[in-house]
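Visitor: Just so it is clear, I am handing over upload_39.txt, which has compact mmCIF, C-alpha atoms and all ligand atoms.
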```txt
# COMPACT_ATOMS: atom_id res chain seq x y z
CA MET A 27 2.83 -15.72 4.09
CA SER A 28 5.35 -18.56 3.86
CA ARG A 29 4.27 -22.02 4.85
CA VAL A 30 6.69 -24.06 6.96
CA LEU A 31 6.14 -27.67 7.94
CA VAL A 32 7.93 -28.76 11.12
CA VAL A 33 8.42 -32.54 11.34
CA GLU A 34 9.51 -33.31 14.87
CA ASP A 35 8.27 -35.87 17.41
CA GLU A 36 9.67 -34.09 20.47
CA SER A 37 6.82 -31.75 21.29
CA ALA A 38 8.93 -29.29 23.31
CA ILE A 39 11.27 -28.72 20.35
CA ALA A 40 8.40 -28.61 17.85
CA GLU A 41 6.68 -26.02 20.06
CA LEU A 42 9.80 -23.89 20.43
CA ILE A 43 10.42 -23.84 16.68
CA SER A 44 6.75 -23.13 15.92
CA ILE A 45 6.53 -20.20 18.33
CA ASN A 46 9.63 -18.60 16.84
CA LEU A 47 8.49 -19.15 13.27
CA ARG A 48 5.02 -17.76 13.92
CA HIS A 49 6.56 -14.78 15.64
CA ALA A 50 8.65 -14.20 12.49
CA GLY A 51 5.49 -14.27 10.38
CA TYR A 52 5.53 -17.81 9.01
CA GLU A 53 2.48 -20.04 8.82
CA VAL A 54 3.42 -23.24 10.69
CA THR A 55 2.13 -26.80 10.62
CA VAL A 56 3.59 -29.52 12.84
CA ALA A 57 3.73 -33.24 12.06
CA SER A 58 5.04 -35.73 14.62
CA ASP A 59 5.98 -38.56 12.27
CA ALA A 60 6.69 -39.40 8.63
CA ILE A 61 3.16 -40.54 7.80
CA ARG A 62 1.60 -37.31 9.09
CA ALA A 63 4.32 -35.30 7.36
CA SER A 64 3.59 -37.00 4.03
CA GLY A 65 -0.11 -36.32 4.51
CA GLU A 66 0.55 -32.62 5.14
CA VAL A 67 2.78 -32.31 2.07
CA ASP A 68 0.18 -34.10 -0.10
CA ARG A 69 -2.43 -31.63 1.12
CA VAL A 70 -0.48 -28.37 0.87
CA LEU A 71 3.02 -28.02 -0.51
CA PRO A 72 5.03 -26.07 2.09
CA ASP A 73 7.61 -23.43 1.16
CA LEU A 74 10.09 -25.17 3.46
CA VAL A 75 10.31 -28.26 5.68
CA ILE A 76 12.23 -28.51 8.94
CA LEU A 77 12.80 -32.22 9.25
CA ASP A 78 14.04 -34.10 12.30
CA TRP A 79 16.28 -37.06 11.52
CA MET A 80 15.10 -39.30 14.35
CA LEU A 81 11.38 -39.92 14.08
CA PRO A 82 9.29 -42.88 15.25
CA GLY A 83 8.84 -45.29 12.32
CA GLN A 84 10.31 -43.99 9.08
CA THR A 85 13.32 -41.70 9.66
CA GLY A 86 13.57 -38.15 8.45
CA LEU A 87 16.48 -39.22 6.30
CA SER A 88 14.46 -41.73 4.29
CA LEU A 89 11.57 -39.30 4.07
CA ALA A 90 13.88 -36.67 2.56
CA LYS A 91 15.19 -39.23 0.07
CA ARG A 92 11.68 -40.16 -1.01
CA TRP A 93 10.60 -36.53 -1.41
CA ARG A 94 13.62 -35.93 -3.64
CA THR A 95 12.53 -38.70 -6.02
CA GLU A 96 9.04 -37.25 -6.56
CA ALA A 97 8.49 -34.53 -9.14
CA ARG A 98 6.23 -32.44 -6.93
CA THR A 99 8.60 -32.37 -3.94
CA LYS A 100 12.03 -32.69 -5.53
CA ASP A 101 12.79 -28.95 -5.16
CA MET A 102 11.02 -28.47 -1.82
CA PRO A 103 13.51 -26.80 0.57
CA ILE A 104 14.46 -29.07 3.48
CA ILE A 105 16.51 -28.27 6.59
CA MET A 106 17.41 -31.38 8.59
CA LEU A 107 17.71 -31.40 12.34
CA THR A 108 19.72 -33.97 14.18
CA ALA A 109 21.22 -34.75 17.56
CA ARG A 110 24.23 -36.28 15.81
CA SER A 111 27.10 -34.00 15.03
CA ASP A 112 29.27 -36.60 13.28
CA GLU A 113 30.62 -35.63 9.88
CA PRO A 114 29.39 -38.85 8.14
CA ASP A 115 25.85 -38.13 9.38
CA LYS A 116 26.00 -34.61 8.05
CA ILE A 117 27.12 -35.91 4.68
CA ALA A 118 24.36 -38.55 4.69
CA GLY A 119 21.80 -35.82 5.44
CA LEU A 120 22.99 -33.61 2.62
CA ASP A 121 23.26 -36.60 0.27
CA ALA A 122 19.65 -37.47 1.05
CA GLY A 123 18.71 -34.10 -0.39
CA ALA A 124 18.63 -31.77 2.61
CA ASP A 125 19.49 -28.17 1.68
CA ASP A 126 20.99 -27.53 5.07
CA TYR A 127 21.69 -29.35 8.27
CA LEU A 128 21.52 -28.22 11.90
CA THR A 129 22.75 -30.07 14.97
CA LYS A 130 20.76 -30.00 18.21
CA PRO A 131 20.93 -28.03 20.37
CA PHE A 132 20.83 -25.00 18.05
CA SER A 133 19.95 -21.39 18.68
CA THR A 134 16.65 -20.24 17.24
CA ASN A 135 18.45 -17.24 15.74
CA GLU A 136 20.68 -19.58 13.80
CA LEU A 137 17.70 -21.64 12.63
CA MET A 138 15.94 -18.47 11.44
CA ALA A 139 19.05 -17.32 9.57
CA ARG A 140 19.40 -20.75 7.91
CA ILE A 141 15.73 -20.71 6.91
CA ARG A 142 16.12 -17.30 5.26
CA ALA A 143 19.30 -18.41 3.47
CA VAL A 144 17.65 -21.56 2.09
CA LEU A 145 14.53 -19.65 1.01
CA ARG A 146 16.63 -16.95 -0.68
CA ARG A 147 18.34 -19.66 -2.69
CA LYS A 148 15.37 -21.92 -3.43
CA ALA A 149 12.10 -20.08 -2.85
CA PRO A 150 12.67 -16.31 -3.04
CA GLU A 151 8.92 -15.80 -3.45
CA ALA A 152 8.62 -16.84 0.21
CA LEU A 153 10.68 -13.86 1.36
CA ASP A 154 9.89 -10.19 1.81
CA SER A 155 12.60 -8.72 -0.45
CA ALA A 156 11.46 -6.33 -3.16
CA VAL A 157 11.91 -7.56 -6.75
CA GLU A 158 12.20 -5.70 -10.03
CA VAL A 159 11.86 -7.13 -13.51
CA GLY A 160 11.69 -5.11 -16.70
CA GLY A 161 10.90 -1.89 -14.85
CA LEU A 162 8.10 -3.50 -12.89
CA ARG A 163 8.66 -3.44 -9.15
CA LEU A 164 6.97 -5.52 -6.46
CA ASP A 165 7.48 -4.99 -2.76
CA PRO A 166 6.05 -7.76 -0.52
CA ALA A 167 6.69 -5.72 2.63
CA THR A 168 4.37 -2.91 1.53
CA ARG A 169 2.30 -5.12 -0.83
CA ARG A 170 2.85 -2.59 -3.60
CA VAL A 171 3.36 -3.08 -7.32
CA SER A 172 4.57 -0.16 -9.40
CA ARG A 173 6.24 0.90 -12.60
CA GLY A 174 8.06 4.20 -12.38
CA ASP A 175 5.78 6.40 -10.33
CA GLN A 176 2.64 4.58 -11.44
CA GLU A 177 1.09 2.26 -8.92
CA VAL A 178 -0.59 -0.97 -10.05
CA LYS A 179 -3.68 -2.24 -8.27
CA VAL A 180 -3.69 -6.04 -7.95
CA GLY A 181 -5.79 -8.43 -5.90
CA PRO A 182 -4.16 -10.66 -3.24
CA THR A 183 -3.99 -13.80 -5.42
CA GLU A 184 -2.69 -11.89 -8.45
CA PHE A 185 -0.08 -10.32 -6.15
CA LYS A 186 1.17 -13.76 -5.05
CA LEU A 187 1.12 -15.01 -8.61
CA LEU A 188 3.07 -11.99 -9.86
CA HIS A 189 5.53 -12.35 -6.97
CA PHE A 190 6.17 -15.97 -7.95
CA PHE A 191 6.57 -15.06 -11.65
CA MET A 192 8.94 -12.18 -10.85
CA THR A 193 11.15 -14.30 -8.59
CA HIS A 194 11.31 -17.00 -11.31
CA PRO A 195 11.44 -14.97 -14.53
CA GLU A 196 11.93 -16.42 -18.02
CA ARG A 197 11.03 -19.91 -16.85
CA VAL A 198 7.91 -21.75 -17.96
CA HIS A 199 5.64 -22.93 -15.16
CA SER A 200 2.88 -25.46 -15.70
CA ARG A 201 -0.55 -24.81 -14.20
CA ALA A 202 0.01 -27.65 -11.71
CA GLN A 203 3.33 -26.11 -10.62
CA LEU A 204 1.73 -22.70 -10.19
CA LEU A 205 -1.07 -24.20 -8.12
CA ASP A 206 1.47 -25.90 -5.87
CA ARG A 207 3.80 -22.94 -5.52
CA VAL A 208 1.27 -20.13 -5.35
CA TRP A 209 -1.85 -21.77 -3.92
CA GLY A 210 -0.07 -24.70 -2.20
CA ASP A 211 -2.53 -27.17 -3.66
CA HIS A 212 -2.67 -28.79 -7.08
CA VAL A 213 -5.12 -31.52 -6.18
CA PHE A 214 -8.29 -29.81 -5.06
CA ILE A 215 -8.11 -26.61 -7.08
CA GLU A 216 -8.93 -26.72 -10.78
CA GLU A 217 -6.18 -25.78 -13.21
CA ARG A 218 -8.61 -23.37 -14.86
CA THR A 219 -8.30 -21.24 -11.70
CA VAL A 220 -4.78 -20.33 -12.84
CA ASP A 221 -6.08 -19.06 -16.18
CA VAL A 222 -8.66 -16.89 -14.43
CA HIS A 223 -6.03 -15.22 -12.23
CA VAL A 224 -3.52 -14.83 -15.07
CA LYS A 225 -6.21 -13.03 -17.03
CA ARG A 226 -6.90 -10.71 -14.06
CA LEU A 227 -3.20 -10.13 -13.60
CA ARG A 228 -2.79 -9.11 -17.25
CA GLU A 229 -5.73 -6.74 -16.90
CA ALA A 230 -4.16 -5.23 -13.78
CA LEU A 231 -0.86 -4.73 -15.60
CA ALA A 232 -2.44 -3.15 -18.67
CA PRO A 233 -2.38 0.48 -17.40
CA VAL A 234 1.42 0.28 -17.02
CA ARG A 235 1.78 -1.60 -20.33
CA CYS A 236 3.19 -4.76 -18.74
CA SER A 237 0.46 -7.26 -19.68
CA GLN A 238 2.65 -8.76 -22.40
CA MET A 239 5.24 -9.74 -19.83
CA ILE A 240 2.98 -12.66 -18.86
CA GLU A 241 3.28 -15.04 -21.77
CA THR A 242 1.19 -18.09 -22.50
CA VAL A 243 3.38 -20.97 -23.59
CA ARG A 244 1.12 -23.24 -25.55
CA GLY A 245 0.81 -26.74 -24.09
CA ALA A 246 3.22 -25.88 -21.27
CA GLY A 247 1.93 -23.07 -19.08
CA TYR A 248 2.94 -19.50 -18.36
CA ARG A 249 6.12 -17.48 -18.22
CA LEU A 250 7.08 -13.98 -17.16
CA THR A 251 9.49 -12.39 -19.57
CA GLN A 252 11.05 -8.99 -19.97
CA GLN A 253 11.89 -9.73 -23.61
CA VAL A 254 8.92 -7.73 -24.84
CA PRO A 255 9.05 -4.78 -27.21
CA ALA A 256 9.53 -1.56 -25.28
CA ALA A 257 6.26 0.18 -24.64
CA ALA A 258 5.81 3.57 -26.24
CA CA A 301 13.18 -36.78 17.15
```
Starting from the file, give its structure as structure tokens.
Ligand code: CA

Guide:
Amino acid sequence: MSRVLVVEDESAIAELISINLRHAGYEVTVASDAIRASGEVDRVLPDLVILDWMLPGQTGLSLAKRWRTEARTKDMPIIMLTARSDEPDKIAGLDAGADDYLTKPFSTNELMARIRAVLRRKAPEALDSAVEVGGLRLDPATRRVSRGDQEVKVGPTEFKLLHFFMTHPERVHSRAQLLDRVWGDHVFIEERTVDVHVKRLREALAPVRCSQMIETVRGAGYRLTQQVPAAA
């Protein structure tokens, strides 16, 4: 389930967005100012942030700028909300690092469509589209993993881990990054946890001869690759 953080001080708007997101299957947290928002992001890295420009205290704009300077949050998808429809404001919002920008009042359908578009571009593991890499297929909607007509049994955590690997193939991910992107928490969970689940994932993939797709990159982390010798 995708985690969305809604940063909005107007409770009626925050409520409206939350109801719609929950209805669409997202897990929602609301923060009413920048300090609470920072606290939430430190605790669990969301898959996407809906960030209001005008907040009491620090503005959404400066919060977005700060998140973009930090390694952990620099790629975190952000959609900015604002009551201002002026072109210079829109540019300032996008310059601050927002991935998209929506002017109030907006339709919830449009917000949902923008969320899906941003996730597709920046966090495809947060969506329900089926993925296929090297003959291995994973379908989040049915929670099935298969290769050809052989089904693969994987536990819930290994499923999420494999989903993340398959939507970001050939790239090396550190244990801290995997904890943030798969578990949402790199602070309170030990990095060794990643090794345990990678091991289980390889075991689960063994019957379909795909264990080798999960590579250990010494001193760096893990990578999913399809550049493995074809299985007999
Ligand atoms: Ca506001």

Visitor: Which residues are close to stretch 188-193 of chain A, i.e. within 9 Å by all atoms listed in the file, leaving aside same-chain residues fewer than 2 positions away? Reply as a JSON list (two decimals) with C-alpha atoms, keeping the file's coordinate frame.

Guide:
```json
[["chain", "number", "residue", "atom", "x", "y", "z"],
["A", 149, "ALA", "CA", 12.10, -20.08, -2.85],
["A", 150, "PRO", "CA", 12.67, -16.31, -3.04],
["A", 151, "GLU", "CA", 8.92, -15.80, -3.45],
["A", 152, "ALA", "CA", 8.62, -16.84, 0.21],
["A", 157, "VAL", "CA", 11.91, -7.56, -6.75],
["A", 158, "GLU", "CA", 12.20, -5.70, -10.03],
["A", 159, "VAL", "CA", 11.86, -7.13, -13.51],
["A", 162, "LEU", "CA", 8.10, -3.50, -12.89],
["A", 163, "ARG", "CA", 8.66, -3.44, -9.15],
["A", 164, "LEU", "CA", 6.97, -5.52, -6.46],
["A", 165, "ASP", "CA", 7.48, -4.99, -2.76],
["A", 166, "PRO", "CA", 6.05, -7.76, -0.52],
["A", 183, "THR", "CA", -3.99, -13.80, -5.42],
["A", 184, "GLU", "CA", -2.69, -11.89, -8.45],
["A", 185, "PHE", "CA", -0.08, -10.32, -6.15],
["A", 186, "LYS", "CA", 1.17, -13.76, -5.05],
["A", 195, "PRO", "CA", 11.44, -14.97, -14.53],
["A", 196, "GLU", "CA", 11.93, -16.42, -18.02],
["A", 197, "ARG", "CA", 11.03, -19.91, -16.85],
["A", 199, "HIS", "CA", 5.64, -22.93, -15.16],
["A", 204, "LEU", "CA", 1.73, -22.70, -10.19],
["A", 207, "ARG", "CA", 3.80, -22.94, -5.52],
["A", 208, "VAL", "CA", 1.27, -20.13, -5.35],
["A", 224, "VAL", "CA", -3.52, -14.83, -15.07],
["A", 227, "LEU", "CA", -3.20, -10.13, -13.60],
["A", 240, "ILE", "CA", 2.98, -12.66, -18.86],
["A", 248, "TYR", "CA", 2.94, -19.50, -18.36],
["A", 249, "ARG", "CA", 6.12, -17.48, -18.22],
["A", 250, "LEU", "CA", 7.08, -13.98, -17.16],
["A", 251, "THR", "CA", 9.49, -12.39, -19.57]]
```

Visitor: Counting only C-alpha atoms and all ligand atoms, name the residues that have an atom within 8 Å of an atom of ligand CA 301 (chain A); the answer should be given as a PyMOL selection string.

Guide: chain A and resi 34-36+78-82+108

Visitor: Restricting the output to C-alpha atoms, write the selected residues as a CSV table (one decimal), keeping the file's coordinate frame.

Guide:
```csv
chain,number,residue,atom,x,y,z
A,34,GLU,CA,9.5,-33.3,14.9
A,35,ASP,CA,8.3,-35.9,17.4
A,36,GLU,CA,9.7,-34.1,20.5
A,78,ASP,CA,14.0,-34.1,12.3
A,79,TRP,CA,16.3,-37.1,11.5
A,80,MET,CA,15.1,-39.3,14.4
A,81,LEU,CA,11.4,-39.9,14.1
A,82,PRO,CA,9.3,-42.9,15.2
A,108,THR,CA,19.7,-34.0,14.2
```

Visitor: Pick the closest to A:Thr219 from A:Ala202, A:Ile105, A:Pro131, A:Ile76: which is it, counting all atoms listed in the file?

Guide: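 Residue with the minimum atom-to-atom distance to A:Thr219: A:Ala202.
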
Visitor: Could you check how far atom CA of A:Lys148 sits from atom CA of A:Asn46, in Å to one decimal?

Guide: 21.3 Å

Visitor: Could you pull out every residue with an atom within 8 Å of (9.0, -32.1, 0.5), file coordinates, counting only C-alpha atoms, and send them as a PDB file with C-alpha atoms, in the coordinates of the input?

Guide:
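Dumped everything to point-v3.pdb:
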```pdb
ATOM      1  CA  VAL A  67       2.780 -32.310   2.070  1.00  0.00           C
ATOM      2  CA  LEU A  71       3.020 -28.020  -0.510  1.00  0.00           C
ATOM      3  CA  PRO A  72       5.030 -26.070   2.090  1.00  0.00           C
ATOM      4  CA  LEU A  74      10.090 -25.170   3.460  1.00  0.00           C
ATOM      5  CA  VAL A  75      10.310 -28.260   5.680  1.00  0.00           C
ATOM      6  CA  ALA A  90      13.880 -36.670   2.560  1.00  0.00           C
ATOM      7  CA  TRP A  93      10.600 -36.530  -1.410  1.00  0.00           C
ATOM      8  CA  ARG A  94      13.620 -35.930  -3.640  1.00  0.00           C
ATOM      9  CA  ARG A  98       6.230 -32.440  -6.930  1.00  0.00           C
ATOM     10  CA  THR A  99       8.600 -32.370  -3.940  1.00  0.00           C
ATOM     11  CA  LYS A 100      12.030 -32.690  -5.530  1.00  0.00           C
ATOM     12  CA  ASP A 101      12.790 -28.950  -5.160  1.00  0.00           C
ATOM     13  CA  MET A 102      11.020 -28.470  -1.820  1.00  0.00           C
ATOM     14  CA  PRO A 103      13.510 -26.800   0.570  1.00  0.00           C
ATOM     15  CA  ILE A 104      14.460 -29.070   3.480  1.00  0.00           C
TER      16      ILE A 104
END
```

Visitor: Kindly list the centre and edge lengths in Å, rounded to one decimal, for the axis-aligned box that covers all listed atoms of stretch 109-122 of chain A plus 8 Å on each of its six sides, as JSON.

Guide:
```
{"center_x": 25.1, "center_y": -36.2, "center_z": 8.9, "size_x": 27.0, "size_y": 21.2, "size_z": 33.3}
```

Visitor: Given all atoms listed in the file as the basis, pick out the residue of A:Val243, A:Ala143, A:Ser237, A:Ala156 nearest to A:Val171.

Guide: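 Closest residue, counting all atoms listed in the file: A:Ala156.
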
Visitor: Please measure the separation of atom CA of A:Leu153 and atom CA of A:Ala109, giving the value in Å to one decimal.

Guide: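 Pair atom CA of A:Leu153 / atom CA of A:Ala109 returns 28.5 Å.
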
Visitor: Could you name the residues that touch stretch 133-139 of chain A at 8 Å or less, counting only C-alpha atoms, but leaving out those on the same chain fewer than 5 positions away, as number ranges by chain?

Guide: A: 43, 46-47, 128

Visitor: Could you tell me which of A:Ala118, A:Val234, A:Gly83, A:Asp73 comes closest to A:Gly174 if we count only C-alpha atoms?

Guide: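 With only C-alpha atoms as the atom set, the closest residue is A:Val234.
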
Visitor: Please indicate the distance in Å from atom CA of A:Ser88 to atom CA of A:Tyr52, rounded to one decimal place.

Guide: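 Taking atom CA of A:Ser88 as the start and atom CA of A:Tyr52 as the end point, the length is 26.0 Å.
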
Visitor: Which polymer residues have any atom within 8 Å of an atom of stretch 110-113 of chain A, counting all atoms listed in the file, with same-chain residues fewer than 2 positions away left out, as a tab-separated table (two decimals) with C-alpha atoms, in the coordinates of the input?

Guide:
```
chain	number	residue	atom	x	y	z
A	108	THR	CA	19.72	-33.97	14.18
A	115	ASP	CA	25.85	-38.13	9.38
A	116	LYS	CA	26.00	-34.61	8.05
A	117	ILE	CA	27.12	-35.91	4.68
A	129	THR	CA	22.75	-30.07	14.97
A	130	LYS	CA	20.76	-30.00	18.21
```
